[in-house]
>>> print(open('start.cif').read())   # mmCIF, C-alpha atoms and all ligand atoms
data_coords
#
loop_
_atom_site.group_PDB
_atom_site.id
_atom_site.type_symbol
_atom_site.label_atom_id
_atom_site.label_comp_id
_atom_site.auth_asym_id
_atom_site.auth_seq_id
_atom_site.Cartn_x
_atom_site.Cartn_y
_atom_site.Cartn_z
ATOM 1 C CA MET A 168 91.798 45.941 63.256
ATOM 2 C CA THR A 169 89.313 47.072 65.905
ATOM 3 C CA THR A 170 88.681 50.810 66.020
ATOM 4 C CA ILE A 171 87.600 52.470 69.239
ATOM 5 C CA SER A 172 85.159 55.347 68.860
ATOM 6 C CA LYS A 173 85.777 58.711 70.502
ATOM 7 C CA ALA A 174 82.797 58.146 72.820
ATOM 8 C CA ASP A 175 84.273 54.785 73.927
ATOM 9 C CA GLN A 176 87.594 56.469 74.673
ATOM 10 C CA GLN A 177 85.857 59.158 76.711
ATOM 11 C CA VAL A 178 83.952 56.517 78.711
ATOM 12 C CA GLU A 179 87.265 54.770 79.400
ATOM 13 C CA GLN A 180 88.754 58.073 80.561
ATOM 14 C CA LYS A 181 85.834 58.682 82.969
ATOM 15 C CA CYS A 182 86.198 55.108 84.293
ATOM 16 C CA TRP A 183 89.833 55.941 85.121
ATOM 17 C CA GLU A 184 88.899 59.252 86.738
ATOM 18 C CA PHE A 185 86.265 57.597 88.917
ATOM 19 C CA ALA A 186 88.761 54.883 89.885
ATOM 20 C CA GLN A 187 91.141 57.626 91.070
ATOM 21 C CA VAL A 188 88.388 59.147 93.239
ATOM 22 C CA LEU A 189 87.928 55.709 94.827
ATOM 23 C CA GLY A 190 91.676 55.194 95.235
ATOM 24 C CA LEU A 191 91.788 52.244 92.797
ATOM 25 C CA SER A 192 94.686 51.335 90.526
ATOM 26 C CA GLU A 193 92.440 50.000 87.758
ATOM 27 C CA PRO A 194 89.527 51.671 85.976
ATOM 28 C CA VAL A 195 86.017 50.870 87.172
ATOM 29 C CA SER A 196 83.799 49.112 84.649
ATOM 30 C CA PRO A 197 81.427 51.205 82.484
ATOM 31 C CA ARG A 198 78.537 49.462 84.320
ATOM 32 C CA VAL A 199 79.836 50.719 87.670
ATOM 33 C CA LEU A 200 80.310 54.213 86.247
ATOM 34 C CA GLN A 201 76.792 54.238 84.835
ATOM 35 C CA ALA A 202 75.233 52.889 88.041
ATOM 36 C CA ALA A 203 77.103 55.504 90.116
ATOM 37 C CA THR A 204 75.868 58.352 87.934
ATOM 38 C CA GLU A 205 72.252 57.091 87.913
ATOM 39 C CA ASP A 206 71.867 55.780 91.449
ATOM 40 C CA GLU A 207 72.845 58.231 94.211
ATOM 41 C CA THR A 208 72.650 55.622 96.944
ATOM 42 C CA TYR A 209 75.092 53.388 95.074
ATOM 43 C CA ALA A 210 77.468 56.320 94.453
ATOM 44 C CA HIS A 211 77.191 57.330 98.100
ATOM 45 C CA ASN A 212 77.982 53.796 99.295
ATOM 46 C CA LEU A 213 81.005 53.593 96.974
ATOM 47 C CA LEU A 214 82.338 56.929 98.187
ATOM 48 C CA VAL A 215 81.941 56.202 101.905
ATOM 49 C CA SER A 216 83.548 52.759 101.439
ATOM 50 C CA ARG A 217 86.765 54.032 99.875
ATOM 51 C CA GLN A 218 88.811 52.947 102.897
ATOM 52 C CA GLN A 219 87.062 49.573 103.240
ATOM 53 C CA PRO A 220 88.299 47.245 100.486
ATOM 54 C CA THR A 221 86.022 44.290 101.297
ATOM 55 C CA PHE A 222 82.850 46.268 100.970
ATOM 56 C CA LEU A 223 84.164 48.404 98.108
ATOM 57 C CA ASN A 224 85.048 45.293 96.099
ATOM 58 C CA TYR A 225 81.615 43.842 96.741
ATOM 59 C CA LEU A 226 79.962 47.030 95.470
ATOM 60 C CA LEU A 227 82.218 47.177 92.417
ATOM 61 C CA ALA A 228 81.367 43.576 91.540
ATOM 62 C CA ASN A 229 77.622 44.116 92.062
ATOM 63 C CA PRO A 230 76.469 47.407 90.541
ATOM 64 C CA PRO A 231 72.680 47.784 90.577
ATOM 65 C CA GLN A 232 70.866 47.170 87.307
ATOM 66 C CA ILE A 233 69.923 50.475 85.665
ATOM 67 C CA LYS A 234 66.589 50.320 83.850
ATOM 68 C CA LEU A 235 66.311 52.592 80.810
ATOM 69 C CA SER A 236 62.844 53.798 79.884
ATOM 70 C CA GLU A 237 63.585 53.017 76.214
ATOM 71 C CA PRO A 238 66.475 51.318 74.338
ATOM 72 C CA VAL A 239 69.227 53.791 73.406
ATOM 73 C CA PRO A 240 71.833 53.187 70.644
ATOM 74 C CA GLU A 241 75.250 52.401 72.181
ATOM 75 C CA GLU A 242 76.999 55.478 70.743
ATOM 76 C CA LYS A 243 74.294 57.821 72.111
ATOM 77 C CA SER A 244 74.229 56.078 75.470
ATOM 78 C CA ASN A 245 78.043 56.438 75.763
ATOM 79 C CA ILE A 246 77.875 60.162 75.002
ATOM 80 C CA GLU A 247 75.157 60.600 77.637
ATOM 81 C CA LEU A 248 77.173 58.574 80.137
ATOM 82 C CA VAL A 249 80.283 60.723 79.585
ATOM 83 C CA GLY A 250 78.228 63.895 80.180
ATOM 84 C CA LYS A 251 76.565 62.622 83.351
ATOM 85 C CA ALA A 252 79.781 61.143 84.712
ATOM 86 C CA GLY A 253 81.594 64.428 84.112
ATOM 87 C CA GLN A 254 78.969 66.327 86.123
ATOM 88 C CA ALA A 255 78.982 63.759 88.936
ATOM 89 C CA LEU A 256 82.782 63.742 89.161
ATOM 90 C CA LEU A 257 82.828 67.525 89.349
ATOM 91 C CA ARG A 258 80.184 67.496 92.085
ATOM 92 C CA TRP A 259 82.095 64.922 94.147
ATOM 93 C CA ALA A 260 85.419 66.714 93.670
ATOM 94 C CA LYS A 261 83.924 70.071 94.701
ATOM 95 C CA THR A 262 82.712 68.772 98.043
ATOM 96 C CA GLY A 263 86.026 67.133 98.797
ATOM 97 C CA PHE A 264 83.853 64.612 100.690
ATOM 98 C CA SER A 265 84.021 66.980 103.653
ATOM 99 C CA VAL A 266 82.306 66.128 106.927
ATOM 100 C CA VAL A 267 80.067 68.228 109.191
ATOM 101 C CA ASP A 268 81.092 69.631 112.596
ATOM 102 C CA ASP A 269 80.028 67.976 115.873
ATOM 103 C CA GLU A 270 77.085 70.283 116.451
ATOM 104 C CA VAL A 271 75.500 69.532 113.069
ATOM 105 C CA LEU A 272 76.279 65.839 113.484
ATOM 106 C CA GLU A 273 74.431 65.740 116.809
ATOM 107 C CA ARG A 274 71.463 67.693 115.439
ATOM 108 C CA ARG A 275 71.118 65.398 112.421
ATOM 109 C CA GLU A 276 71.541 62.290 114.545
ATOM 110 C CA ASN A 277 68.877 63.463 117.037
ATOM 111 C CA ALA A 278 66.465 63.997 114.135
ATOM 112 C CA CYS A 279 67.161 60.539 112.686
ATOM 113 C CA LEU A 280 66.790 58.863 116.086
ATOM 114 C CA ALA A 281 63.326 60.420 116.423
ATOM 115 C CA CYS A 282 62.327 59.550 112.852
ATOM 116 C CA PRO A 283 59.971 56.673 111.887
ATOM 117 C CA ASN A 284 62.054 56.120 108.715
ATOM 118 C CA LEU A 285 65.064 54.900 110.719
ATOM 119 C CA LEU A 286 65.028 51.111 110.398
ATOM 120 C CA ALA A 287 67.273 48.073 110.682
ATOM 121 C CA PRO A 288 69.002 47.205 107.364
ATOM 122 C CA GLU A 289 67.149 44.669 105.228
ATOM 123 C CA LYS A 290 69.045 44.452 101.932
ATOM 124 C CA LEU A 291 72.309 42.497 101.799
ATOM 125 C CA VAL A 292 74.185 45.496 100.448
ATOM 126 C CA GLN A 293 73.009 47.559 103.433
ATOM 127 C CA LYS A 294 73.905 44.833 105.930
ATOM 128 C CA LEU A 295 77.420 44.671 104.512
ATOM 129 C CA ILE A 296 78.254 48.299 105.278
ATOM 130 C CA PRO A 297 80.725 48.154 108.156
ATOM 131 C CA SER A 298 79.266 50.046 111.117
ATOM 132 C CA GLY A 299 80.637 50.668 114.576
ATOM 133 C CA LYS A 300 78.882 49.364 117.694
ATOM 134 C CA VAL A 301 75.931 51.384 118.951
ATOM 135 C CA SER A 302 76.889 53.590 121.881
ATOM 136 C CA GLN A 303 75.638 56.764 123.498
ATOM 137 C CA LYS A 304 78.485 58.723 121.871
ATOM 138 C CA VAL A 305 77.390 61.284 119.282
ATOM 139 C CA GLY A 306 77.917 59.793 115.819
ATOM 140 C CA GLN A 307 77.526 56.207 117.071
ATOM 141 C CA ARG A 308 73.943 56.203 118.273
ATOM 142 C CA THR A 309 72.302 54.867 115.090
ATOM 143 C CA GLY A 310 74.604 51.836 114.677
ATOM 144 C CA ASP A 311 73.879 50.039 111.402
ATOM 145 C CA LYS A 312 70.382 51.539 110.924
ATOM 146 C CA VAL A 313 69.356 52.823 107.500
ATOM 147 C CA CYS A 314 66.997 55.504 106.262
ATOM 148 C CA GLN A 315 64.154 53.697 104.532
ATOM 149 C CA LEU A 316 63.543 56.653 102.182
ATOM 150 C CA CYS A 317 67.009 56.912 100.629
ATOM 151 C CA GLY A 318 68.444 53.504 101.620
ATOM 152 C CA CYS A 319 71.608 55.049 103.097
ATOM 153 C CA ASN A 320 73.423 53.927 106.222
ATOM 154 C CA VAL A 321 72.429 56.794 108.530
ATOM 155 C CA GLY A 322 75.608 56.758 110.651
ATOM 156 C CA LYS A 323 77.574 57.547 107.472
ATOM 157 C CA LYS A 324 75.004 59.779 105.799
ATOM 158 C CA ILE A 325 74.788 62.263 108.701
ATOM 159 C CA ARG A 326 78.546 62.973 108.506
ATOM 160 C CA LEU A 327 78.745 64.137 104.901
ATOM 161 C CA THR A 328 78.157 67.813 104.123
ATOM 162 C CA THR A 329 76.669 66.894 100.754
ATOM 163 C CA GLU A 330 73.840 64.848 102.268
ATOM 164 C CA SER A 331 70.319 66.030 103.000
ATOM 165 C CA CYS A 332 67.278 64.510 104.654
ATOM 166 C CA PRO A 333 64.700 63.329 102.099
ATOM 167 C CA ASP A 334 61.653 63.735 104.385
ATOM 168 C CA LYS A 335 59.466 66.722 105.277
ATOM 169 C CA HIS A 336 59.696 68.058 108.812
ATOM 170 C CA PRO A 337 56.556 66.925 110.696
ATOM 171 C CA THR A 338 55.724 70.452 111.943
ATOM 172 C CA ALA A 339 57.939 73.076 110.236
ATOM 173 C CA ALA A 340 56.582 73.786 106.738
ATOM 174 C CA GLY A 341 59.144 73.787 103.913
ATOM 175 C CA MET A 342 61.827 72.202 106.089
ATOM 176 C CA THR A 343 63.326 68.726 106.242
ATOM 177 C CA ARG A 344 63.584 66.675 109.420
ATOM 178 C CA TRP A 345 67.169 67.943 109.670
ATOM 179 C CA GLY A 346 65.823 71.507 109.958
ATOM 180 C CA LYS A 347 67.020 72.649 106.528
ATOM 181 C CA PRO A 348 64.894 74.003 103.649
ATOM 182 C CA SER A 349 63.519 71.098 101.584
ATOM 183 C CA ALA A 350 64.425 70.687 97.908
ATOM 184 C CA ALA A 351 60.902 71.821 96.958
ATOM 185 C CA ALA A 352 61.252 74.968 99.115
ATOM 186 C CA ARG A 353 64.703 75.724 97.613
ATOM 187 C CA ASN A 354 63.353 75.303 94.067
ATOM 188 C CA GLU A 355 60.434 77.596 94.854
ATOM 189 C CA GLU A 356 62.815 80.218 96.254
ATOM 190 C CA LEU A 357 64.924 80.035 93.075
ATOM 191 C CA ARG A 358 61.809 80.290 90.929
ATOM 192 C CA MET A 359 60.722 83.453 92.784
ATOM 193 C CA LYS A 360 64.161 85.020 92.318
ATOM 194 C CA ASN A 361 64.161 84.449 88.531
HETATM 195 S S1 LIG B 1 67.647 61.062 106.892
HETATM 196 FE FE1 LIG B 1 65.690 62.074 107.382
HETATM 197 S S2 LIG B 1 64.109 60.629 106.715
HETATM 198 FE FE2 LIG B 1 66.033 59.504 106.850
HETATM 199 S S3 LIG B 1 66.059 58.624 108.909
HETATM 200 FE FE3 LIG B 1 67.149 60.578 109.041
HETATM 201 S S4 LIG B 1 65.570 62.073 109.606
HETATM 202 FE FE4 LIG B 1 64.518 60.241 108.882
#
>>> encode(input="start.cif", output="structure tokens")
Amino acid sequence: MTTISKADQQVEQKCWEFAQVLGLSEPVSPRVLQAATEDETYAHNLLVSRQQPTFLNYLLANPPQIKLSEPVPEEKSNIELVGKAGQALLRWAKTGFSVVDDEVLERRENACLACPNLLAPEKLVQKLIPSGKVSQKVGQRTGDKVCQLCGCNVGKKIRLTTESCPDKHPTAAGMTRWGKPSAAARNEELRMKN
């Protein structure tokens, strides 16, 4: 008789929980769960594609390969996966995948349109993200362009409250191109407080 370890059962449980977040009726595979907890771009693309079955299925069938710095025994790797997946699920649930208001959307979009990191998609997975036609309407001005620093589809990235710009503002010290304090500036502020 095959016995399933507690860690295996917990991984299975997290696979079910993640499937529920994505609106699926079957659990995601442990590889998908691991890739989503290790690769923010992959997780982001899964989350923004929840209503688009063709692209979602493609992503689920093609999780990126996660390279470990050293081999980890299966039991230990499952325990680590359960911990990371639990944190990620909590983070995603907390945000409720909420979107920004029109003013913030326009400000972010203006910054991306003026940014040298805004490029046409090159990777297949980026090209597959369904994007509306480019128009002069706020929220549609970047079309299918991607941010070369984080790999995200910019038209989708700028809508989510959880997202931030990964680049330094060209003139305002400690700020990102979206006019918010950079991660380094936030960490420094926390360090000063403690
Ligand atoms: S997210 Fe930031 S770095 Fe990326 S394209 Fe927009 S402004 Fe540029």
>>> resolve_selection(input="start.cif", expression="the PyMOL selection byres (((not hetatm)) within 8 of (chain B and resi 1))", output="PDB file with C-alpha atoms, in the frame of the given file")
ATOM      1  CA  ARG A 275      71.118  65.398 112.421  1.00  0.00           C
ATOM      2  CA  GLU A 276      71.541  62.290 114.545  1.00  0.00           C
ATOM      3  CA  ALA A 278      66.465  63.997 114.135  1.00  0.00           C
ATOM      4  CA  CYS A 279      67.161  60.539 112.686  1.00  0.00           C
ATOM      5  CA  LEU A 280      66.790  58.863 116.086  1.00  0.00           C
ATOM      6  CA  ALA A 281      63.326  60.420 116.423  1.00  0.00           C
ATOM      7  CA  CYS A 282      62.327  59.550 112.852  1.00  0.00           C
ATOM      8  CA  PRO A 283      59.971  56.673 111.887  1.00  0.00           C
ATOM      9  CA  ASN A 284      62.054  56.120 108.715  1.00  0.00           C
ATOM     10  CA  LEU A 285      65.064  54.900 110.719  1.00  0.00           C
ATOM     11  CA  LEU A 286      65.028  51.111 110.398  1.00  0.00           C
ATOM     12  CA  VAL A 313      69.356  52.823 107.500  1.00  0.00           C
ATOM     13  CA  CYS A 314      66.997  55.504 106.262  1.00  0.00           C
ATOM     14  CA  GLN A 315      64.154  53.697 104.532  1.00  0.00           C
ATOM     15  CA  LEU A 316      63.543  56.653 102.182  1.00  0.00           C
ATOM     16  CA  CYS A 317      67.009  56.912 100.629  1.00  0.00           C
ATOM     17  CA  VAL A 321      72.429  56.794 108.530  1.00  0.00           C
ATOM     18  CA  LYS A 324      75.004  59.779 105.799  1.00  0.00           C
ATOM     19  CA  ILE A 325      74.788  62.263 108.701  1.00  0.00           C
ATOM     20  CA  SER A 331      70.319  66.030 103.000  1.00  0.00           C
ATOM     21  CA  CYS A 332      67.278  64.510 104.654  1.00  0.00           C
ATOM     22  CA  PRO A 333      64.700  63.329 102.099  1.00  0.00           C
ATOM     23  CA  ASP A 334      61.653  63.735 104.385  1.00  0.00           C
ATOM     24  CA  LYS A 335      59.466  66.722 105.277  1.00  0.00           C
ATOM     25  CA  THR A 343      63.326  68.726 106.242  1.00  0.00           C
ATOM     26  CA  ARG A 344      63.584  66.675 109.420  1.00  0.00           C
ATOM     27  CA  TRP A 345      67.169  67.943 109.670  1.00  0.00           C
TER      28      TRP A 345
END
>>> atom_distance(input="start.cif", atom1="atom CA of A:Asn245", atom2="atom CA of A:Asn224")
24.2 Å
>>> closest_residue(input="start.cif", among="A:Lys323, A:Lys304, A:Lys360, A:Lys173", to="A:Leu213", atoms="all atoms listed in the file")
A:Lys323
>>> atom_distance(input="start.cif", atom1="atom CA of A:Tyr209", atom2="atom CA of A:Gln180")
20.5 Å
>>> atom_distance(input="start.cif", atom1="atom CA of A:Ser192", atom2="atom CA of A:Trp259")
18.9 Å
>>> residues_around(input="start.cif", residues="A:Val178", least_positions_apart="6", cutoff="9 Å", atoms="all atoms listed in the file", output="ChimeraX atom specification")
/A:197,200,245-246,248-249,252
>>> closest_residue(input="start.cif", among="A:Leu272, A:Val188, A:Lys312, A:Val301", to="A:Arg258", atoms="all atoms listed in the file")
A:Val188
>>> resolve_selection(input="start.cif", expression="the PyMOL selection byres (((chain A and resi 233) around 9) and not hetatm)", output="list in words")
Arg198, Gln201, Ala202, Glu205, Asp206, Pro230, Pro231, Gln232, Lys234 and Leu235 of chain A
>>> axis_aligned_box(input="start.cif", around="stretch 299-307 of chain A", padding_each_side="5 Å", output="JSON")
{"center_x": 78.1, "center_y": 55.3, "center_z": 119.0, "size_x": 15.0, "size_y": 21.9, "size_z": 18.9}
>>> resolve_selection(input="start.cif", expression="the PyMOL selection byres (((chain A and resi 327) around 7) and not hetatm)", output="ChimeraX atom specification")
/A:264-267,324-326,328-330
>>> closest_residue(input="start.cif", among="A:Asn361, A:Glu247, A:Cys319, A:Asp311", to="A:Leu214", atoms="only C-alpha atoms")
A:Cys319
>>> residues_around(input="start.cif", residues="stretch 336-342 of chain A", least_positions_apart="4", cutoff="9 Å", atoms="all atoms listed in the file", output="mmCIF file with C-alpha atoms, keeping the file's coordinate frame")
data_model
loop_
_atom_site.group_PDB
_atom_site.id
_atom_site.type_symbol
_atom_site.label_atom_id
_atom_site.label_comp_id
_atom_site.auth_asym_id
_atom_site.auth_seq_id
_atom_site.Cartn_x
_atom_site.Cartn_y
_atom_site.Cartn_z
ATOM 1 C CA GLY A 346 65.823 71.507 109.958
ATOM 2 C CA LYS A 347 67.020 72.649 106.528
ATOM 3 C CA PRO A 348 64.894 74.003 103.649
ATOM 4 C CA SER A 349 63.519 71.098 101.584
ATOM 5 C CA ALA A 350 64.425 70.687 97.908
ATOM 6 C CA ALA A 351 60.902 71.821 96.958
ATOM 7 C CA ALA A 352 61.252 74.968 99.115
ATOM 8 C CA ARG A 353 64.703 75.724 97.613
#
>>> residues_around(input="start.cif", residues="A:Phe185", least_positions_apart="4", cutoff="10 Å", atoms="all atoms listed in the file", output="number ranges by chain")
A: 179-181, 189-191, 193-196, 199-200, 203, 252-253, 255-256, 259
>>> closest_residue(input="start.cif", among="A:Gln218, A:Gln254, A:Thr208, A:Gln176", to="A:Asn320", atoms="all atoms listed in the file")
A:Thr208
>>> build_atoms(input="start.cif", residues="stretch 304-321 of chain A", atoms="N, CA, C and O atoms", output="short mmCIF file (atom, residue, chain, number, x, y, z; two decimals), in the coordinates of the input")
data_model
loop_
_atom_site.label_atom_id
_atom_site.label_comp_id
_atom_site.auth_asym_id
_atom_site.auth_seq_id
_atom_site.Cartn_x
_atom_site.Cartn_y
_atom_site.Cartn_z
N LYS A 304 77.63 57.66 122.39
CA LYS A 304 78.48 58.72 121.87
C LYS A 304 77.87 59.31 120.60
O LYS A 304 77.34 58.56 119.76
N VAL A 305 77.92 60.64 120.49
CA VAL A 305 77.39 61.28 119.28
C VAL A 305 78.12 60.73 118.06
O VAL A 305 79.34 60.59 118.05
N GLY A 306 77.34 60.36 117.04
CA GLY A 306 77.92 59.79 115.82
C GLY A 306 77.86 58.28 115.82
O GLY A 306 78.09 57.64 114.79
N GLN A 307 77.57 57.68 117.01
CA GLN A 307 77.53 56.21 117.07
C GLN A 307 76.17 55.70 117.55
O GLN A 307 76.03 54.53 117.87
N ARG A 308 75.21 56.60 117.64
CA ARG A 308 73.94 56.20 118.27
C ARG A 308 72.98 55.49 117.33
O ARG A 308 72.00 54.91 117.77
N THR A 309 73.23 55.53 116.02
CA THR A 309 72.30 54.87 115.09
C THR A 309 72.83 53.50 114.63
O THR A 309 72.12 52.79 113.90
N GLY A 310 74.07 53.16 115.02
CA GLY A 310 74.60 51.84 114.68
C GLY A 310 74.54 51.56 113.18
O GLY A 310 74.98 52.36 112.37
N ASP A 311 73.94 50.41 112.83
CA ASP A 311 73.88 50.04 111.40
C ASP A 311 72.53 50.40 110.76
O ASP A 311 72.21 49.93 109.67
N LYS A 312 71.73 51.22 111.45
CA LYS A 312 70.38 51.54 110.92
C LYS A 312 70.46 52.31 109.61
O LYS A 312 71.43 53.03 109.35
N VAL A 313 69.42 52.15 108.81
CA VAL A 313 69.36 52.82 107.50
C VAL A 313 68.11 53.70 107.43
O VAL A 313 67.15 53.52 108.18
N CYS A 314 68.17 54.66 106.53
CA CYS A 314 67.00 55.50 106.26
C CYS A 314 66.17 54.79 105.20
O CYS A 314 66.69 54.53 104.11
N GLN A 315 64.94 54.48 105.51
CA GLN A 315 64.15 53.70 104.53
C GLN A 315 63.78 54.53 103.30
O GLN A 315 63.43 53.97 102.27
N LEU A 316 63.89 55.84 103.35
CA LEU A 316 63.54 56.65 102.18
C LEU A 316 64.66 56.70 101.15
O LEU A 316 64.41 56.67 99.95
N CYS A 317 65.92 56.83 101.61
CA CYS A 317 67.01 56.91 100.63
C CYS A 317 67.86 55.64 100.61
O CYS A 317 68.67 55.46 99.70
N GLY A 318 67.70 54.77 101.60
CA GLY A 318 68.44 53.50 101.62
C GLY A 318 69.84 53.63 102.20
O GLY A 318 70.58 52.66 102.25
N CYS A 319 70.23 54.85 102.62
CA CYS A 319 71.61 55.05 103.10
C CYS A 319 71.80 54.58 104.53
O CYS A 319 70.86 54.62 105.34
N ASN A 320 73.04 54.19 104.84
CA ASN A 320 73.42 53.93 106.22
C ASN A 320 73.48 55.29 106.92
O ASN A 320 74.26 56.16 106.55
N VAL A 321 72.61 55.46 107.94
CA VAL A 321 72.43 56.79 108.53
C VAL A 321 73.69 57.28 109.26
O VAL A 321 74.05 58.46 109.17
#
